[in-house]
Amino acid sequence: MKRRQQAFAASTLTMVVISVFRAASLPAGPPGGPAQDLAAIEQLHRQDVAATLSGDPAALAELWTDDAVRLEQGEEANIGRPAIRAADERSRAAHPKARIVKYVPEIKDVTIADGWAFEWGYFTGSYKEAADGEEKPFRARLLRVLKKQKDGSWRFARVMWNTSD
């Protein structure tokens with residue numbers, strides 16, 4: 001009986017050791033946990049502000065997934081990164097002297113689930129139609145869906161906004 005107990009204990013110990021070494025040798029999962037995801041989303045927010053203030057359609061396009069959809073007030077849906085960039089380029093060409101002077105997103109809530117993030121909030125800012133033009137303020141509501149990329153960064157997948165009163 002004692003031999004059986006010793007054999008069972010040795011067998012159990014061997015299984016535990018094998019399991020520990022096996023788990024240690026498994027590849028790590030995709031980068032990020034909740035704190036890393038929030039930090040990466042904040043990085044996207046900073047990139048959004050910088051690209052918006054620059055007015056550069058190429059910099060703005062880098063913030064979107066390939067299959068992104070943008071819904072803007074009074075406009076047709078822009079579907080896909082190339083369509084979003086083309087719409088930004090047309091807007092820039094139609095108003096070559098206009099520029100965003102200030103852009104301040106106010107994200108009220110971010111929910112992260114399984115490689116997706118959902119956020120809503122407001123943004124305020126101002127723009128000028130010409131360098132010597134009057135600075136005009138604006139405020140809008142936004143709803144955004146973000147998608148986590150393989151490298152752990154985040155991009156906009158769906159964005160909808162409209163001006164608020």
# chains A, B, ... in the order shown; residues from 1 in each chain; ligands from 1

$ residues_around --residues "Ala59 of chain A" --least-positions-apart "3" --cutoff "10 Å" --atoms "only C-alpha atoms" --output "list in words"
Gln47, Asp48, Ala50, Ala51, Thr52, Ser54, Gly55, Asp56, Glu62, Leu63, Trp64 and Arg85 of chain A

$ write_last_selection --atoms "N, CA, C and O atoms" --output "CSV table (one decimal), in the first residue's frame"
chain,number,residue,atom,x,y,z
A,47,GLN,N,-2.6,60.9,-31.1
A,47,GLN,CA,-2.3,60.9,-32.6
A,47,GLN,C,-3.4,61.6,-33.3
A,47,GLN,O,-3.2,62.3,-34.3
A,48,ASP,N,-4.7,61.3,-32.8
A,48,ASP,CA,-5.9,62.0,-33.5
A,48,ASP,C,-5.8,63.5,-33.3
A,48,ASP,O,-6.0,64.2,-34.3
A,50,ALA,N,-3.1,65.4,-32.9
A,50,ALA,CA,-2.0,65.9,-33.7
A,50,ALA,C,-2.3,65.9,-35.2
A,50,ALA,O,-2.1,66.9,-35.9
A,51,ALA,N,-2.9,64.8,-35.7
A,51,ALA,CA,-3.3,64.7,-37.1
A,51,ALA,C,-4.4,65.7,-37.4
A,51,ALA,O,-4.3,66.3,-38.5
A,52,THR,N,-5.3,65.8,-36.6
A,52,THR,CA,-6.4,66.8,-36.8
A,52,THR,C,-5.9,68.2,-36.9
A,52,THR,O,-6.2,69.0,-37.8
A,54,SER,N,-2.9,69.1,-37.7
A,54,SER,CA,-2.0,69.2,-38.8
A,54,SER,C,-2.8,69.4,-40.1
A,54,SER,O,-2.4,70.0,-41.1
A,55,GLY,N,-4.0,68.8,-40.1
A,55,GLY,CA,-4.9,68.9,-41.3
A,55,GLY,C,-4.4,68.0,-42.5
A,55,GLY,O,-4.8,68.1,-43.6
A,56,ASP,N,-3.4,67.1,-42.2
A,56,ASP,CA,-2.8,66.3,-43.2
A,56,ASP,C,-3.6,65.0,-43.4
A,56,ASP,O,-3.7,64.2,-42.5
A,62,GLU,N,-3.9,57.3,-41.4
A,62,GLU,CA,-3.2,56.3,-40.7
A,62,GLU,C,-3.9,55.9,-39.4
A,62,GLU,O,-3.6,54.8,-38.8
A,63,LEU,N,-4.9,56.6,-39.0
A,63,LEU,CA,-5.6,56.3,-37.7
A,63,LEU,C,-6.7,55.4,-37.9
A,63,LEU,O,-7.4,55.0,-36.9
A,64,TRP,N,-7.0,55.0,-39.1
A,64,TRP,CA,-8.2,54.2,-39.4
A,64,TRP,C,-7.8,52.8,-39.8
A,64,TRP,O,-6.8,52.5,-40.4
A,85,ARG,N,-9.7,59.0,-46.7
A,85,ARG,CA,-8.6,59.9,-47.1
A,85,ARG,C,-9.0,60.8,-48.3
A,85,ARG,O,-8.7,62.0,-48.3

$ select_by_dssp --residues "chain A" --states "strand (DSSP E or B)" --output "MDAnalysis selection string"
chainID A and resid 64:72 78:79 99:113 116:128 136:148 154:163

$ atom_distance --atom1 "atom CA of Lys147 of chain A" --atom2 "atom CA of Tyr127 of chain A"
29.1 Å

$ residues_around --residues "Lys108 of chain A" --least-positions-apart "5" --cutoff "10 Å" --atoms "only C-alpha atoms" --output "ChimeraX atom specification"
/A:119-122

$ write_last_selection --atoms "C-alpha atoms" --output "PDB file, in the first residue's frame"
ATOM      1  CA  GLU A 119     -16.171  55.181 -26.567  1.00  0.00           C
ATOM      2  CA  TRP A 120     -18.405  58.197 -26.519  1.00  0.00           C
ATOM      3  CA  GLY A 121     -17.951  61.809 -25.636  1.00  0.00           C
ATOM      4  CA  TYR A 122     -17.665  65.290 -27.074  1.00  0.00           C
TER       5      TYR A 122
END

$ select_by_dssp --residues "chain A" --states "alpha helix (DSSP H)" --output "PyMOL selection string"
chain A and resi 2-25+34-54+57-61+81-94

$ atom_distance --atom1 "atom CA of Ala58 of chain A" --atom2 "atom CA of Gln73 of chain A"
21.9 Å

$ residues_around --residues "Ile79 of chain A" --least-positions-apart "6" --cutoff "10 Å" --atoms "only C-alpha atoms" --output "number ranges by chain"
A: 66-71, 158

$ closest_residue --among "A:Glu76, A:Asn162, A:Pro57, A:Ser126" --to "Arg92 of chain A" --atoms "only C-alpha atoms"
A:Pro57

$ residues_around --residues "Val145 of chain A" --least-positions-apart "4" --cutoff "8 Å" --atoms "only C-alpha atoms" --output "list in words"
Trp116, Ala117, Phe118, Glu119, Phe156, Ala157, Arg158 and Val159 of chain A

$ atom_distance --atom1 "atom CA of Lys136 of chain A" --atom2 "atom CA of His45 of chain A"
22.9 Å

$ closest_residue --among "A:Val110, A:Ala140, A:Leu146, A:Ala130" --to "Thr163 of chain A" --atoms "only C-alpha atoms"
A:Ala140

$ closest_residue --among "A:Glu134, A:Ala61, A:Met160, A:Ser153" --to "Leu44 of chain A" --atoms "only C-alpha atoms"
A:Ser153

$ closest_residue --among "A:Arg81, A:Arg155, A:Lys148, A:Lys97" --to "Ala113 of chain A" --atoms "only C-alpha atoms"
A:Lys148
